[in-house]
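Q: Sharing data_34.cif here; it has mmCIF, C-alpha atoms.
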data_input
loop_
_atom_site.group_PDB
_atom_site.id
_atom_site.type_symbol
_atom_site.label_atom_id
_atom_site.label_comp_id
_atom_site.auth_asym_id
_atom_site.auth_seq_id
_atom_site.Cartn_x
_atom_site.Cartn_y
_atom_site.Cartn_z
ATOM 1 C CA MET V 1 0.000 0.000 0.000
ATOM 2 C CA ARG V 2 1.252 3.456 -0.867
ATOM 3 C CA SER V 3 2.320 5.540 2.109
ATOM 4 C CA GLU V 4 0.233 8.569 2.949
ATOM 5 C CA VAL V 5 1.277 11.888 1.455
ATOM 6 C CA PHE V 6 3.530 14.115 3.568
ATOM 7 C CA VAL V 7 1.291 17.186 3.591
ATOM 8 C CA ASN V 8 -2.279 17.463 4.731
ATOM 9 C CA GLU V 9 -5.105 19.420 3.127
ATOM 10 C CA ASN V 10 -3.885 22.595 4.849
ATOM 11 C CA GLY V 11 -0.453 22.243 3.268
ATOM 12 C CA GLY V 12 1.544 21.167 6.319
ATOM 13 C CA MET V 13 2.199 18.596 9.014
ATOM 14 C CA GLY V 14 3.925 18.576 12.356
ATOM 15 C CA LYS V 15 7.702 18.186 12.142
ATOM 16 C CA LYS V 16 7.676 14.944 14.105
ATOM 17 C CA THR V 17 4.952 13.401 11.952
ATOM 18 C CA GLU V 18 6.679 14.454 8.732
ATOM 19 C CA ALA V 19 10.025 13.092 9.905
ATOM 20 C CA GLN V 20 8.404 9.784 10.853
ATOM 21 C CA GLN V 21 6.670 9.545 7.487
ATOM 22 C CA CYS V 22 9.887 10.405 5.677
ATOM 23 C CA GLN V 23 11.784 7.686 7.523
ATOM 24 C CA LYS V 24 9.016 5.169 6.862
ATOM 25 C CA SER V 25 9.010 5.944 3.133
ATOM 26 C CA ILE V 26 12.809 5.843 2.868
ATOM 27 C CA GLU V 27 13.055 2.505 4.671
ATOM 28 C CA ALA V 28 10.323 1.008 2.501
ATOM 29 C CA ALA V 29 11.930 2.387 -0.670
ATOM 30 C CA GLN V 30 15.279 0.888 0.371
ATOM 31 C CA ARG V 31 13.518 -2.467 0.475
ATOM 32 C CA GLY V 32 12.393 -1.886 -3.115
ATOM 33 C CA ALA V 33 8.962 -0.319 -2.634
ATOM 34 C CA VAL V 34 8.633 1.900 -5.697
ATOM 35 C CA GLU V 35 5.378 3.473 -4.502
ATOM 36 C CA ASP V 36 7.055 4.699 -1.347
ATOM 37 C CA PHE V 37 9.837 6.214 -3.408
ATOM 38 C CA ASP V 38 7.104 7.931 -5.436
ATOM 39 C CA VAL V 39 5.962 9.582 -2.200
ATOM 40 C CA LEU V 40 9.460 10.994 -1.740
ATOM 41 C CA VAL V 41 9.490 12.180 -5.351
ATOM 42 C CA ASP V 42 6.162 13.951 -4.874
ATOM 43 C CA HIS V 43 7.400 15.625 -1.710
ATOM 44 C CA TYR V 44 10.789 16.823 -2.979
ATOM 45 C CA TYR V 45 10.152 17.292 -6.679
ATOM 46 C CA SER V 46 9.549 21.047 -6.559
ATOM 47 C CA GLN V 47 12.730 21.651 -4.526
ATOM 48 C CA VAL V 48 14.884 19.632 -6.910
ATOM 49 C CA TYR V 49 13.254 21.227 -9.951
ATOM 50 C CA SER V 50 13.751 24.732 -8.573
ATOM 51 C CA ILE V 51 17.499 24.220 -8.185
ATOM 52 C CA SER V 52 17.765 22.659 -11.654
ATOM 53 C CA TYR V 53 15.724 25.491 -13.155
ATOM 54 C CA HIS V 54 17.760 28.292 -11.614
ATOM 55 C CA MET V 55 21.057 26.584 -12.376
ATOM 56 C CA CYS V 56 20.402 25.381 -15.918
ATOM 57 C CA GLY V 57 17.173 26.943 -17.222
ATOM 58 C CA ALA V 58 13.690 25.641 -17.976
ATOM 59 C CA GLN V 59 14.543 23.498 -20.993
ATOM 60 C CA ALA V 60 17.027 21.371 -19.070
ATOM 61 C CA ALA V 61 15.342 21.447 -15.649
ATOM 62 C CA GLU V 62 12.853 18.670 -16.301
ATOM 63 C CA ASP V 63 15.461 16.233 -17.608
ATOM 64 C CA ILE V 64 17.892 17.090 -14.805
ATOM 65 C CA THR V 65 15.194 16.617 -12.174
ATOM 66 C CA GLN V 66 14.312 13.199 -13.575
ATOM 67 C CA ASP V 67 18.000 12.280 -13.643
ATOM 68 C CA VAL V 68 18.417 13.338 -10.003
ATOM 69 C CA PHE V 69 15.650 11.015 -8.842
ATOM 70 C CA VAL V 70 17.006 8.155 -10.959
ATOM 71 C CA GLN V 71 20.393 8.619 -9.304
ATOM 72 C CA ALA V 72 18.749 8.825 -5.880
ATOM 73 C CA TRP V 73 16.836 5.596 -6.471
ATOM 74 C CA GLN V 74 19.979 3.798 -7.621
ATOM 75 C CA ALA V 75 22.005 5.030 -4.631
ATOM 76 C CA LEU V 76 19.273 4.755 -2.004
ATOM 77 C CA GLN V 77 20.587 1.465 -0.611
ATOM 78 C CA GLU V 78 23.774 3.276 0.435
ATOM 79 C CA PHE V 79 21.960 6.137 2.143
ATOM 80 C CA GLN V 80 21.979 6.081 5.951
ATOM 81 C CA TYR V 81 18.996 7.870 7.453
ATOM 82 C CA ARG V 82 19.847 10.473 10.097
ATOM 83 C CA GLY V 83 16.646 12.456 9.999
ATOM 84 C CA GLU V 84 14.516 14.154 7.350
ATOM 85 C CA ALA V 85 17.010 17.015 7.033
ATOM 86 C CA SER V 86 19.826 14.593 6.194
ATOM 87 C CA PHE V 87 17.807 13.018 3.376
ATOM 88 C CA ARG V 88 16.898 16.436 1.975
ATOM 89 C CA THR V 89 20.558 17.506 2.086
ATOM 90 C CA TRP V 90 21.634 14.257 0.396
ATOM 91 C CA LEU V 91 19.025 14.627 -2.356
ATOM 92 C CA LEU V 92 19.654 18.317 -3.018
ATOM 93 C CA THR V 93 23.387 17.659 -3.133
ATOM 94 C CA ILE V 94 22.710 15.264 -6.010
ATOM 95 C CA ALA V 95 20.636 18.024 -7.656
ATOM 96 C CA VAL V 96 23.413 20.607 -7.293
ATOM 97 C CA ASN V 97 26.135 18.255 -8.533
ATOM 98 C CA THR V 98 24.031 17.111 -11.503
ATOM 99 C CA SER V 99 23.308 20.726 -12.440
ATOM 100 C CA ILE V 100 26.975 21.700 -12.154
ATOM 101 C CA ASN V 101 27.939 18.738 -14.325
ATOM 102 C CA GLU V 102 25.437 19.905 -16.938
ATOM 103 C CA LEU V 103 26.925 23.410 -16.864
ATOM 104 C CA ARG V 104 30.417 22.022 -17.321
ATOM 105 C CA LYS V 105 29.250 19.986 -20.303
ATOM 106 C CA ARG V 106 27.827 23.162 -21.810
ATOM 107 C CA GLN V 107 31.061 25.014 -21.238
ATOM 108 C CA ARG V 108 33.042 22.309 -23.004
ATOM 109 C CA ARG V 109 30.517 22.302 -25.847
ATOM 110 C CA GLN V 110 30.658 26.082 -26.127
ATOM 111 C CA GLN V 111 34.442 25.997 -26.218
ATOM 112 C CA ARG V 112 34.253 23.629 -29.164
ATOM 113 C CA GLU V 113 31.407 25.345 -31.000
ATOM 114 C CA GLY V 114 31.706 28.945 -29.835
ATOM 115 C CA LEU V 115 29.635 30.814 -27.238
ATOM 116 C CA SER V 116 26.008 31.577 -28.096
ATOM 117 C CA LEU V 117 24.684 34.498 -26.106
ATOM 118 C CA ASP V 118 21.116 33.784 -27.202
ATOM 119 C CA GLU V 119 21.127 30.114 -26.221
ATOM 120 C CA PRO V 120 17.450 29.110 -25.850
ATOM 121 C CA VAL V 121 17.922 27.676 -22.368
ATOM 122 C CA GLN V 122 18.795 31.096 -21.053
ATOM 123 C CA THR V 123 15.625 32.664 -22.451
ATOM 124 C CA GLU V 124 12.828 32.100 -19.957
ATOM 125 C CA SER V 125 9.294 33.180 -20.864
ATOM 126 C CA GLY V 126 7.262 31.097 -18.440
ATOM 127 C CA THR V 127 7.843 33.310 -15.423
ATOM 128 C CA VAL V 128 7.501 36.550 -17.354
ATOM 129 C CA SER V 129 3.783 36.146 -17.834
ATOM 130 C CA ARG V 130 3.290 35.915 -14.079
ATOM 131 C CA GLU V 131 5.362 39.028 -13.521
ATOM 132 C CA VAL V 132 3.415 41.181 -15.947
ATOM 133 C CA ALA V 133 0.013 39.882 -14.880
ATOM 134 C CA ASP V 134 -0.400 42.524 -12.156
ATOM 135 C CA ARG V 135 1.102 45.339 -14.216
ATOM 136 C CA SER V 136 0.148 47.324 -17.285
ATOM 137 C CA HIS V 137 -0.368 45.272 -20.435
ATOM 138 C CA GLU V 138 1.053 47.938 -22.698
ATOM 139 C CA PRO V 139 3.262 46.269 -25.347
ATOM 140 C CA TYR V 140 6.273 48.406 -24.433
ATOM 141 C CA ARG V 141 6.084 47.407 -20.736
ATOM 142 C CA ILE V 142 5.708 43.734 -21.560
ATOM 143 C CA ALA V 143 8.625 43.814 -23.993
ATOM 144 C CA GLN V 144 10.748 45.702 -21.470
ATOM 145 C CA GLN V 145 10.116 43.143 -18.736
ATOM 146 C CA LYS V 146 10.820 40.241 -21.082
ATOM 147 C CA GLN V 147 14.125 41.847 -21.949
ATOM 148 C CA SER V 148 15.023 42.319 -18.272
ATOM 149 C CA GLN V 149 14.060 38.758 -17.394
ATOM 150 C CA ARG V 150 16.068 37.455 -20.327
ATOM 151 C CA ALA V 151 19.062 39.547 -19.280
ATOM 152 C CA VAL V 152 18.938 38.196 -15.707
ATOM 153 C CA HIS V 153 19.010 34.594 -16.943
ATOM 154 C CA GLN V 154 21.760 35.320 -19.439
ATOM 155 C CA ILE V 155 23.906 37.018 -16.794
ATOM 156 C CA ILE V 156 23.424 34.172 -14.310
ATOM 157 C CA GLY V 157 24.143 31.746 -17.121
ATOM 158 C CA ARG V 158 27.539 33.321 -17.772
ATOM 159 C CA LEU V 159 28.731 32.890 -14.190
ATOM 160 C CA LYS V 160 31.153 30.072 -13.495
ATOM 161 C CA PRO V 161 29.320 26.948 -12.220
ATOM 162 C CA LYS V 162 30.588 27.229 -8.631
ATOM 163 C CA LEU V 163 29.709 30.930 -8.446
ATOM 164 C CA ARG V 164 26.314 30.275 -9.972
ATOM 165 C CA GLY V 165 25.665 27.514 -7.455
ATOM 166 C CA ALA V 166 26.342 29.847 -4.532
ATOM 167 C CA LEU V 167 24.155 32.608 -5.974
ATOM 168 C CA VAL V 168 21.275 30.279 -6.817
ATOM 169 C CA LEU V 169 21.204 28.470 -3.473
ATOM 170 C CA VAL V 170 21.457 31.547 -1.251
ATOM 171 C CA ASP V 171 19.850 34.369 -3.216
ATOM 172 C CA LEU V 172 17.278 32.486 -5.295
ATOM 173 C CA GLU V 173 16.543 29.441 -3.140
ATOM 174 C CA GLY V 174 16.834 31.357 0.132
ATOM 175 C CA MET V 175 19.072 28.829 1.885
ATOM 176 C CA GLU V 176 21.151 29.601 4.940
ATOM 177 C CA TYR V 177 24.869 29.981 4.276
ATOM 178 C CA GLN V 178 25.832 26.800 6.120
ATOM 179 C CA GLN V 179 23.213 24.725 4.324
ATOM 180 C CA ALA V 180 24.379 26.018 0.943
ATOM 181 C CA ALA V 181 27.991 25.302 1.891
ATOM 182 C CA ASP V 182 27.055 21.737 2.850
ATOM 183 C CA LEU V 183 25.293 21.177 -0.478
ATOM 184 C CA LEU V 184 28.247 22.559 -2.414
ATOM 185 C CA ASN V 185 30.661 20.552 -0.250
ATOM 186 C CA CYS V 186 32.816 23.561 0.593
ATOM 187 C CA PRO V 187 33.792 25.427 3.783
ATOM 188 C CA LEU V 188 31.527 28.241 4.938
ATOM 189 C CA GLY V 189 34.223 30.815 4.196
ATOM 190 C CA THR V 190 34.573 29.531 0.639
ATOM 191 C CA LEU V 191 30.812 29.744 0.140
ATOM 192 C CA LYS V 192 30.775 33.355 1.328
ATOM 193 C CA SER V 193 33.698 34.212 -0.952
ATOM 194 C CA ARG V 194 31.985 32.655 -3.961
ATOM 195 C CA LEU V 195 28.748 34.422 -3.130
ATOM 196 C CA THR V 196 30.453 37.803 -2.889
ATOM 197 C CA ARG V 197 32.194 37.289 -6.224
ATOM 198 C CA ALA V 198 28.974 36.082 -7.842
ATOM 199 C CA ARG V 199 26.983 39.046 -6.542
ATOM 200 C CA ASP V 200 29.642 41.503 -7.667
ATOM 201 C CA ALA V 201 29.852 39.949 -11.122
ATOM 202 C CA PHE V 202 26.082 39.896 -11.481
ATOM 203 C CA ALA V 203 25.719 43.503 -10.298
ATOM 204 C CA ASP V 204 28.386 44.745 -12.723
ATOM 205 C CA GLU V 205 26.794 42.962 -15.655
ATOM 206 C CA PHE V 206 23.271 44.063 -14.770
ATOM 207 C CA ARG V 207 24.333 47.694 -14.357
ATOM 208 C CA ARG V 208 25.941 47.495 -17.778
ATOM 209 C CA TYR V 209 22.745 46.042 -19.207
ATOM 210 C CA MET V 210 20.584 48.760 -17.624
ATOM 211 C CA HIS V 211 22.890 51.504 -18.899
ATOM 212 C CA GLU V 212 22.845 50.105 -22.430
ATOM 213 C CA SER V 213 19.078 49.612 -22.406
ATOM 214 C CA THR V 214 18.447 53.242 -21.377
ATOM 215 C CA GLN V 215 20.876 54.522 -24.009
ATOM 216 C CA SER V 216 19.383 52.421 -26.818
ATOM 217 C CA PRO V 217 15.554 52.268 -27.016
ATOM 218 C CA GLN V 218 14.442 48.786 -27.943
ATOM 219 C CA GLU V 219 12.449 48.270 -31.126
ATOM 220 C CA LEU V 220 9.365 46.114 -30.984
#
Let me see the file written as structure tokens.
A:
Amino acid sequence: MRSEVFVNENGGMGKKTEAQQCQKSIEAAQRGAVEDFDVLVDHYYSQVYSISYHMCGAQAAEDITQDVFVQAWQALQEFQYRGEASFRTWLLTIAVNTSINELRKRQRRQQREGLSLDEPVQTESGTVSREVADRSHEPYRIAQQKQSQRAVHQIIGRLKPKLRGALVLVDLEGMEYQQAADLLNCPLGTLKSRLTRARDAFADEFRRYMHESTQSPQEL
């Protein structure tokens, strides 16, 4: 029988109950119960997808997320449960490492083929529609926001993988410094250094973009 879902109809459960359910599902999945692993997938899918999306873009996020859970299933026998937080850290570490590996593959491919600044994966339109929904629908405003959103993804996409990982986990995923450092398998000081460099690089590039966009009106 499939284990009960982690969250109730109000969107939450007590920490103790959730931890117990997590442990129950993990132990059953380690014995080969696919349906119990499906419960874990349902519970953590959005967190894994969010990291993949911010690291690698929408086009790759779905495939990366699926790959992460395949890897987790294959390695689950080796996992030693030390609480719900330890499983989440283990799973998200796989997500970060898989995303970084994808970025490195892209870098090697770009070195062979030449850098494409308008690579489709860096052009995100799905979130733009939600941003403009509460604003004016004038064509100029919509085009302007699409351009800004596109620029943000392109700038993040040009950061080195380790710098991007720090920026995504802390500034976009809202993780605590120590948690992000654990996921990236680096000392806290290294995480802070990477984050500072990533923020500085992003700010410089975005200021340049804003200056250029105000100097050169965009044609529709």
Q: For a test of reading the model, state the distance in Å between CA of Phe87 (chain V) and CA of Leu184 (chain V), rounded to one decimal.
A: 15.3 Å
Q: Please identify all polymer residues within 8 Å of Gly157 (chain V), counting all atoms listed in the file, omitting same-chain residues fewer than 2 positions from it, and present them as a ChimeraX atom specification.
A: /V:55-56,122,153-155,159,164
Q: Find the spatial neighbours of Asp182 (chain V), counting all atoms listed in the file, within a cut-off of 10 Å - ignore same-chain residues fewer than 5 positions away - and output them as an MDAnalysis selection string.
A: chainID V and resid 89:90 93 177 187:188 191
Q: Kindly save the residues from that selection, with C-alpha atoms included, as an mmCIF file, in the coordinates of the input.
A:
data_model
loop_
_atom_site.group_PDB
_atom_site.id
_atom_site.type_symbol
_atom_site.label_atom_id
_atom_site.label_comp_id
_atom_site.auth_asym_id
_atom_site.auth_seq_id
_atom_site.Cartn_x
_atom_site.Cartn_y
_atom_site.Cartn_z
ATOM 1 C CA THR V 89 20.558 17.506 2.086
ATOM 2 C CA TRP V 90 21.634 14.257 0.396
ATOM 3 C CA THR V 93 23.387 17.659 -3.133
ATOM 4 C CA TYR V 177 24.869 29.981 4.276
ATOM 5 C CA PRO V 187 33.792 25.427 3.783
ATOM 6 C CA LEU V 188 31.527 28.241 4.938
ATOM 7 C CA LEU V 191 30.812 29.744 0.140
#
Q: On this structure, the PyMOL selection byres ((chain V and resi 67-84) around 9) would catch which residues? List them as JSON, numbers by chain, sorted by chain and number.
A: {"V": [18, 19, 20, 22, 23, 26, 27, 29, 30, 31, 37, 41, 45, 48, 62, 63, 64, 65, 66, 85, 86, 87, 88, 89, 90, 91, 92, 94, 95, 98]}
Q: So how many Å separate CA of Val170 (chain V) and CA of Glu205 (chain V), to one decimal?
A: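 For CA of Val170 (chain V) relative to CA of Glu205 (chain V), the distance reads 19.1 Å.
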Q: Quick one, how far is CA of Cys186 (chain V) from CA of Ala151 (chain V)?
A: 29.0 Å
Q: Please identify all polymer residues within 8 Å of region 166-169 of chain V, counting only C-alpha atoms, omitting same-chain residues fewer than 5 positions from it, and present them as a PyMOL selection string.
A: chain V and resi 51+54-55+174-175+180+184+191+194-195+198-199
Q: Padding of 5 Å on every side, edges along x, y and z, all listed atoms of region 96-100 of chain V included: what centre and edge lengths in Å, to one decimal, does that box have, as JSON?
A:
{"center_x": 25.1, "center_y": 19.4, "center_z": -9.9, "size_x": 13.7, "size_y": 14.6, "size_z": 15.1}
Q: Compare V:Val39, V:Ala58, V:Val96, V:Val152 by their minimum atom-to-atom distance to Arg208 (chain V), counting all atoms listed in the file, and give me the closest one.
A: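 Ranking V:Val39, V:Ala58, V:Val96, V:Val152 by distance to Arg208 (chain V), first place goes to V:Val152.
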Q: Which one is closest to Phe206 (chain V): V:Glu176, V:Asp171, V:Arg150, V:Leu163? Count only C-alpha atoms.
A: V:Arg150
